[in-house]
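A.B. asks: Starting off with a structure, shown below.
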Amino acid sequence: SPSVCRRSLGPVCCPKSMALSADTQSMSGKKLFSAACERNRGPILEVLRPRLHRQEAKQNVLELAAGSGQHAGYLAARLSDVVARWHPTDLGMSEEKQASIAAWALEESAAAGAPNIVQEGRELDARSDRWWDGWMDAGISHLFVANMTHISPWASTVGLLRGAAAILPPHGLLFIYGPFNVEGRFTSESNALFDQSLRARDAAWGIRDMDAEVGAEAAKVGLALTEKIDMPANNFTLVFKKV
């Protein structure tokens, strides 16, 4: 059965894509800012670092729902010893988002004294038919996505899993960060209220069950949910690999 790591939990944080619409641009002008990304980037790095360090050769990471680019910039700069290229993508990849991703990448790589390995932001809609065909020759080693499954139609998660199954090499991992239900139940009252607010905005949104929904759908395409890692603020990181 999947291993479970435990961390202290607090109030649920806003999803990245929602925060972008509410937060203002940072003082740098080009950088979009998400408070949620600022809070969770450190714990996410703690999850990714040991798992990516298990590989011998440098790897390439494909990120979906990259949003402001804060995760891309921060994580890539601190994983540049094991990652060769970090590919940020998003639905509705505008020039504003591309500029923000580039600005965060430059700032974070300079702060870490590391090379800038973040590639130009590209459009990616996980609901698109066979979207992964455009990435089959990119040498992608791992996929990472944060705060997408609950703030998008279920078809987006289905497309994410199908694409991961097609793209990932045998050693590759899929990391999905966000809030999830456990055995059909919310993990906190705040998550239950958060789910209500999501469904009020769009009936197709909502917090998914990690096993009954996400894990079961992953199994259909040959992915196994191998780790369920408790994260701060009532979130989890789910780790999948090919069966």
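Just remember, in the structure tokens the first chain shown is A, the second B, etc., residues are 1-based per chain, and ligands are 1-based in the order shown.
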Could you tell me, as an MDAnalysis selection string, which residues of segment 23-190 of chain A DSSP assigns to strand (DSSP E or B) when given the backbone?
C.D. replies: chainID A and resid 59:64 83:90 118 122:123 142:146 173:178 180:182 185
A.B. asks: Can I get the selection written as a short mmCIF file (atom, residue, chain, number, x, y, z; two decimals), in the first residue's frame, with N, CA, C and O atoms?
C.D. replies:
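That gives us out34.cif:
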data_model
loop_
_atom_site.label_atom_id
_atom_site.label_comp_id
_atom_site.auth_asym_id
_atom_site.auth_seq_id
_atom_site.Cartn_x
_atom_site.Cartn_y
_atom_site.Cartn_z
N GLN A 59 17.72 15.34 -15.11
CA GLN A 59 16.38 15.05 -15.58
C GLN A 59 15.69 16.31 -16.10
O GLN A 59 16.13 17.42 -15.82
N ASN A 60 14.58 16.10 -16.83
CA ASN A 60 13.76 17.19 -17.33
C ASN A 60 12.37 17.09 -16.71
O ASN A 60 11.78 16.01 -16.69
N VAL A 61 11.88 18.20 -16.19
CA VAL A 61 10.58 18.23 -15.51
C VAL A 61 9.59 19.03 -16.33
O VAL A 61 9.89 20.15 -16.77
N LEU A 62 8.41 18.47 -16.51
CA LEU A 62 7.29 19.17 -17.16
C LEU A 62 6.31 19.57 -16.09
O LEU A 62 5.80 18.72 -15.35
N GLU A 63 6.05 20.88 -15.96
CA GLU A 63 5.09 21.39 -14.99
C GLU A 63 3.83 21.85 -15.70
O GLU A 63 3.88 22.65 -16.63
N LEU A 64 2.68 21.36 -15.23
CA LEU A 64 1.39 21.84 -15.71
C LEU A 64 0.84 22.84 -14.71
O LEU A 64 1.17 22.81 -13.52
N VAL A 83 18.36 18.58 -12.19
CA VAL A 83 17.40 18.86 -13.27
C VAL A 83 18.10 19.67 -14.36
O VAL A 83 18.72 20.69 -14.07
N ALA A 84 17.98 19.23 -15.60
CA ALA A 84 18.60 19.94 -16.72
C ALA A 84 17.69 21.03 -17.26
O ALA A 84 18.14 22.14 -17.55
N ARG A 85 16.37 20.70 -17.39
CA ARG A 85 15.41 21.67 -17.92
C ARG A 85 14.10 21.54 -17.17
O ARG A 85 13.63 20.43 -16.92
N TRP A 86 13.51 22.70 -16.85
CA TRP A 86 12.19 22.75 -16.23
C TRP A 86 11.24 23.43 -17.21
O TRP A 86 11.45 24.58 -17.60
N HIS A 87 10.22 22.70 -17.65
CA HIS A 87 9.31 23.20 -18.68
C HIS A 87 7.98 23.62 -18.03
O HIS A 87 7.15 22.76 -17.70
N PRO A 88 7.73 24.93 -17.87
CA PRO A 88 6.45 25.39 -17.31
C PRO A 88 5.39 25.53 -18.39
O PRO A 88 5.66 26.06 -19.48
N THR A 89 4.18 25.07 -18.10
CA THR A 89 3.06 25.20 -19.03
C THR A 89 1.82 25.63 -18.25
O THR A 89 1.76 25.50 -17.03
N ASP A 90 0.84 26.13 -18.97
CA ASP A 90 -0.42 26.52 -18.32
C ASP A 90 -1.51 26.67 -19.37
O ASP A 90 -1.23 26.89 -20.56
N VAL A 118 14.92 27.22 -16.42
CA VAL A 118 13.49 27.30 -16.72
C VAL A 118 13.29 27.70 -18.18
O VAL A 118 13.83 28.72 -18.64
N ARG A 122 4.77 27.61 -21.99
CA ARG A 122 4.03 27.16 -23.16
C ARG A 122 2.58 26.83 -22.79
O ARG A 122 2.26 26.49 -21.66
N GLU A 123 1.72 26.93 -23.77
CA GLU A 123 0.30 26.60 -23.61
C GLU A 123 0.12 25.09 -23.46
O GLU A 123 0.74 24.31 -24.19
N HIS A 142 9.98 13.65 -15.38
CA HIS A 142 8.97 13.72 -14.33
C HIS A 142 7.94 14.79 -14.68
O HIS A 142 8.23 15.73 -15.42
N LEU A 143 6.74 14.66 -14.11
CA LEU A 143 5.69 15.67 -14.23
C LEU A 143 5.37 16.21 -12.85
O LEU A 143 5.34 15.45 -11.87
N PHE A 144 5.11 17.51 -12.78
CA PHE A 144 4.74 18.16 -11.53
C PHE A 144 3.56 19.07 -11.78
O PHE A 144 3.53 19.81 -12.77
N VAL A 145 2.58 19.04 -10.89
CA VAL A 145 1.44 19.95 -10.97
C VAL A 145 0.98 20.29 -9.57
O VAL A 145 0.94 19.43 -8.69
N ALA A 146 0.68 21.55 -9.34
CA ALA A 146 0.20 22.01 -8.04
C ALA A 146 -1.12 22.74 -8.22
O ALA A 146 -1.27 23.58 -9.10
N LEU A 173 8.38 9.94 -12.34
CA LEU A 173 7.38 10.15 -11.29
C LEU A 173 6.44 11.29 -11.67
O LEU A 173 6.84 12.24 -12.35
N LEU A 174 5.21 11.17 -11.24
CA LEU A 174 4.22 12.24 -11.36
C LEU A 174 3.92 12.74 -9.95
O LEU A 174 3.51 11.95 -9.09
N PHE A 175 4.12 14.03 -9.72
CA PHE A 175 3.84 14.66 -8.43
C PHE A 175 2.60 15.54 -8.57
O PHE A 175 2.57 16.44 -9.41
N ILE A 176 1.58 15.29 -7.75
CA ILE A 176 0.37 16.11 -7.76
C ILE A 176 0.17 16.69 -6.36
O ILE A 176 -0.04 15.95 -5.39
N TYR A 177 0.25 18.02 -6.26
CA TYR A 177 0.08 18.71 -4.98
C TYR A 177 -1.28 19.38 -4.91
O TYR A 177 -1.74 19.96 -5.90
N GLY A 178 -1.92 19.32 -3.75
CA GLY A 178 -3.18 20.01 -3.55
C GLY A 178 -3.99 19.36 -2.44
O GLY A 178 -3.55 18.41 -1.79
N PHE A 180 -6.95 16.99 -1.00
CA PHE A 180 -7.65 15.78 -1.43
C PHE A 180 -8.48 15.23 -0.28
O PHE A 180 -8.13 15.40 0.89
N ASN A 181 -9.57 14.56 -0.63
CA ASN A 181 -10.34 13.84 0.37
C ASN A 181 -9.71 12.48 0.61
O ASN A 181 -9.03 11.92 -0.26
N VAL A 182 -9.95 11.95 1.80
CA VAL A 182 -9.42 10.64 2.18
C VAL A 182 -10.59 9.73 2.56
O VAL A 182 -11.37 10.06 3.46
N ARG A 185 -13.94 11.41 2.68
CA ARG A 185 -14.19 12.45 3.70
C ARG A 185 -13.22 13.60 3.55
O ARG A 185 -12.07 13.41 3.15
#
A.B. asks: Do a neighbour search on Val221 of chain A at 10 Å with only C-alpha atoms, toss out local chain neighbours closer than 2 positions, and write the hits as a PyMOL selection string.
C.D. replies: chain A and resi 158+161-166+216-219+223-224+242-243
A.B. asks: Can you pull out the residues contacting segment 92-96 of chain A? Cut-off 10 Å, using only C-alpha atoms, and skip same-chain residues under 3 positions away; I want them as a list of chain:residue names.
C.D. replies: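 Counting only C-alpha atoms, the residues come to A:Lys30, A:Lys31, A:Leu32, A:Ala65, A:Ala66, A:Gly67, A:Ser68, A:Pro88, A:Thr89, A:Ala99, A:Ser100, A:Ile101, A:Ala102, A:Gly121, A:Arg122, A:Glu123, A:Leu124, A:Asp125.
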A.B. asks: I need the chosen residues saved as a short mmCIF file (atom, residue, chain, number, x, y, z; two decimals), in the first residue's frame, with C-alpha atoms.
C.D. replies:
data_model
loop_
_atom_site.label_atom_id
_atom_site.label_comp_id
_atom_site.auth_asym_id
_atom_site.auth_seq_id
_atom_site.Cartn_x
_atom_site.Cartn_y
_atom_site.Cartn_z
CA LYS A 30 6.52 41.73 -14.42
CA LYS A 31 6.20 39.15 -11.67
CA LEU A 32 2.74 37.87 -10.79
CA ALA A 65 -0.66 24.76 -14.33
CA ALA A 66 2.50 26.78 -13.73
CA GLY A 67 0.56 29.99 -13.03
CA SER A 68 2.81 32.83 -11.86
CA PRO A 88 6.45 25.39 -17.31
CA THR A 89 3.06 25.20 -19.03
CA ALA A 99 6.98 37.37 -18.59
CA SER A 100 6.21 36.49 -14.97
CA ILE A 101 7.67 33.00 -15.31
CA ALA A 102 10.82 34.40 -16.91
CA GLY A 121 6.21 29.10 -20.72
CA ARG A 122 4.03 27.16 -23.16
CA GLU A 123 0.30 26.60 -23.61
CA LEU A 124 -1.05 23.26 -22.40
CA ASP A 125 -4.67 22.22 -21.91
#
A.B. asks: Restricting the calculation to only C-alpha atoms, which member of A:Val47, A:Leu198, A:Glu107, A:Met136 is positioned closest to Lys228 of chain A?
C.D. replies: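 Result for the nearest residue to Lys228 of chain A: A:Val47.
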A.B. asks: Need the shell around Leu225 of chain A: protein/DNA/RNA residues with any atom at most 7 Å away, counting only C-alpha atoms. Skip same-chain ones fewer than 2 positions apart. Format as an MDAnalysis selection string?
C.D. replies: chainID A and resid 2 215 223 227 238:241
A.B. asks: Just all heavy atoms for this one: save the residues we selected as a JSON list (two decimals), in the first residue's frame.
C.D. replies:
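The new file result13.json reads:
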[["chain", "number", "residue", "atom", "x", "y", "z"],
["A", 2, "PRO", "N", 0.37, 2.38, -0.47],
["A", 2, "PRO", "CA", 1.18, 3.59, -0.53],
["A", 2, "PRO", "C", 1.65, 4.01, 0.85],
["A", 2, "PRO", "O", 0.93, 3.91, 1.83],
["A", 2, "PRO", "CB", 0.22, 4.63, -1.14],
["A", 2, "PRO", "CG", -0.80, 3.82, -1.84],
["A", 2, "PRO", "CD", -0.95, 2.57, -1.03],
["A", 215, "GLY", "N", -6.60, 8.02, -7.62],
["A", 215, "GLY", "CA", -5.87, 6.76, -7.65],
["A", 215, "GLY", "C", -6.49, 5.74, -8.58],
["A", 215, "GLY", "O", -5.79, 5.03, -9.32],
["A", 223, "LEU", "N", -0.74, 3.66, -13.92],
["A", 223, "LEU", "CA", 0.03, 4.41, -12.92],
["A", 223, "LEU", "C", -0.36, 3.94, -11.52],
["A", 223, "LEU", "O", -1.54, 3.73, -11.25],
["A", 223, "LEU", "CB", -0.22, 5.92, -13.05],
["A", 223, "LEU", "CG", 0.23, 6.61, -14.32],
["A", 223, "LEU", "CD1", -0.22, 8.07, -14.31],
["A", 223, "LEU", "CD2", 1.74, 6.53, -14.49],
["A", 227, "GLU", "N", 2.91, 7.00, -3.03],
["A", 227, "GLU", "CA", 3.11, 7.77, -1.79],
["A", 227, "GLU", "C", 2.01, 8.81, -1.64],
["A", 227, "GLU", "O", 1.60, 9.44, -2.62],
["A", 227, "GLU", "CB", 4.45, 8.49, -1.79],
["A", 227, "GLU", "CG", 5.67, 7.58, -1.72],
["A", 227, "GLU", "CD", 6.94, 8.40, -1.64],
["A", 227, "GLU", "OE1", 7.48, 8.75, -2.71],
["A", 227, "GLU", "OE2", 7.40, 8.70, -0.52],
["A", 238, "LEU", "N", 0.72, 13.73, -3.87],
["A", 238, "LEU", "CA", 0.55, 12.35, -4.32],
["A", 238, "LEU", "C", 1.65, 12.04, -5.32],
["A", 238, "LEU", "O", 1.93, 12.83, -6.23],
["A", 238, "LEU", "CB", -0.81, 12.15, -4.96],
["A", 238, "LEU", "CG", -2.04, 12.57, -4.15],
["A", 238, "LEU", "CD1", -3.32, 12.22, -4.90],
["A", 238, "LEU", "CD2", -2.03, 11.93, -2.76],
["A", 239, "VAL", "N", 2.29, 10.89, -5.14],
["A", 239, "VAL", "CA", 3.38, 10.48, -6.03],
["A", 239, "VAL", "C", 2.98, 9.22, -6.77],
["A", 239, "VAL", "O", 2.59, 8.22, -6.15],
["A", 239, "VAL", "CB", 4.69, 10.23, -5.26],
["A", 239, "VAL", "CG1", 5.83, 9.91, -6.22],
["A", 239, "VAL", "CG2", 5.04, 11.45, -4.39],
["A", 240, "PHE", "N", 3.04, 9.28, -8.09],
["A", 240, "PHE", "CA", 2.67, 8.15, -8.94],
["A", 240, "PHE", "C", 3.87, 7.69, -9.76],
["A", 240, "PHE", "O", 4.74, 8.49, -10.12],
["A", 240, "PHE", "CB", 1.57, 8.56, -9.93],
["A", 240, "PHE", "CG", 0.29, 9.00, -9.29],
["A", 240, "PHE", "CD1", 0.13, 10.30, -8.82],
["A", 240, "PHE", "CD2", -0.78, 8.12, -9.16],
["A", 240, "PHE", "CE1", -1.06, 10.72, -8.23],
["A", 240, "PHE", "CE2", -1.98, 8.53, -8.59],
["A", 240, "PHE", "CZ", -2.10, 9.82, -8.12],
["A", 241, "LYS", "N", 3.90, 6.42, -10.06],
["A", 241, "LYS", "CA", 4.88, 5.89, -11.00],
["A", 241, "LYS", "C", 4.23, 4.82, -11.86],
["A", 241, "LYS", "O", 3.17, 4.30, -11.51],
["A", 241, "LYS", "CB", 6.10, 5.32, -10.27],
["A", 241, "LYS", "CG", 5.84, 4.07, -9.46],
["A", 241, "LYS", "CD", 7.13, 3.57, -8.83],
["A", 241, "LYS", "CE", 6.91, 2.27, -8.05],
["A", 241, "LYS", "NZ", 8.15, 1.78, -7.43]]
A.B. asks: Could you write out, as a list in words, all the residues of segment 186-226 of chain A that DSSP marks as helix (DSSP H, G or I)?
C.D. replies: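 Helix (DSSP H, G or I) assignments inside segment 186-226 of chain A correspond to Glu189, Ser190, Asn191, Ala192, Leu193, Phe194, Asp195, Gln196, Ser197, Leu198, Arg199, Ala200, Arg201, Met210, Asp211, Ala212, Glu213, Val214, Gly215, Ala216, Glu217, Ala218, Ala219 and Lys220 of chain A.
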A.B. asks: Please list as a list in words every residue within 8 Å of Gly159 of chain A, counting only C-alpha atoms and excluding residues in the same chain fewer than 3 positions away.
C.D. replies: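 Here the qualifying residues turn out to be Ala126, Arg127, Ser128, Ala155, Ser156, Arg162 and Gly163 of chain A.
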A.B. asks: Produce a file of the selected residues containing N, CA, C and O atoms, as a short mmCIF file (atom, residue, chain, number, x, y, z; two decimals), in the first residue's frame.
C.D. replies:
data_model
loop_
_atom_site.label_atom_id
_atom_site.label_comp_id
_atom_site.auth_asym_id
_atom_site.auth_seq_id
_atom_site.Cartn_x
_atom_site.Cartn_y
_atom_site.Cartn_z
N ALA A 126 -4.77 20.24 -20.50
CA ALA A 126 -4.74 18.80 -20.23
C ALA A 126 -5.98 18.09 -20.76
O ALA A 126 -5.99 16.86 -20.85
N ARG A 127 -7.02 18.85 -21.12
CA ARG A 127 -8.23 18.24 -21.68
C ARG A 127 -8.10 17.95 -23.17
O ARG A 127 -8.92 17.23 -23.74
N SER A 128 -7.08 18.53 -23.78
CA SER A 128 -6.90 18.38 -25.23
C SER A 128 -6.58 16.93 -25.59
O SER A 128 -5.85 16.24 -24.88
N ALA A 155 -12.12 16.26 -16.26
CA ALA A 155 -11.46 15.88 -17.51
C ALA A 155 -10.01 16.33 -17.54
O ALA A 155 -9.16 15.70 -18.19
N SER A 156 -9.68 17.40 -16.84
CA SER A 156 -8.29 17.87 -16.79
C SER A 156 -7.41 16.88 -16.04
O SER A 156 -6.27 16.61 -16.44
N ARG A 162 -3.45 10.50 -18.13
CA ARG A 162 -3.20 9.82 -19.41
C ARG A 162 -1.89 10.31 -20.04
O ARG A 162 -1.11 9.53 -20.57
N GLY A 163 -1.68 11.60 -19.97
CA GLY A 163 -0.45 12.15 -20.51
C GLY A 163 0.78 11.67 -19.76
O GLY A 163 1.80 11.34 -20.37
#
A.B. asks: Determine the nearest neighbour of Gly172 of chain A from the options A:Ala76, A:Asn191, A:Phe186, A:Gln55, counting only C-alpha atoms.
C.D. replies: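 Once distances to Gly172 of chain A are computed over only C-alpha atoms, the minimum belongs to A:Gln55.
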A.B. asks: Work out how far atom CA of Ala77 of chain A is from atom CA of Ala112 of chain A, in Å to one decimal.
C.D. replies: 6.2 Å
A.B. asks: Measuring atom to atom with only C-alpha atoms, identify which of A:Arg54, A:Arg208, A:Arg78, A:His71 is nearest to Pro115 of chain A.
C.D. replies: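 Smallest distance to Pro115 of chain A is found for A:Arg78.
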A.B. asks: For a test of reading the model, state the distance in Å between atom CA of Gly139 of chain A and atom CA of Pro170 of chain A, rounded to one decimal.
C.D. replies: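 Going from atom CA of Gly139 of chain A over to atom CA of Pro170 of chain A, I get 12.4 Å.
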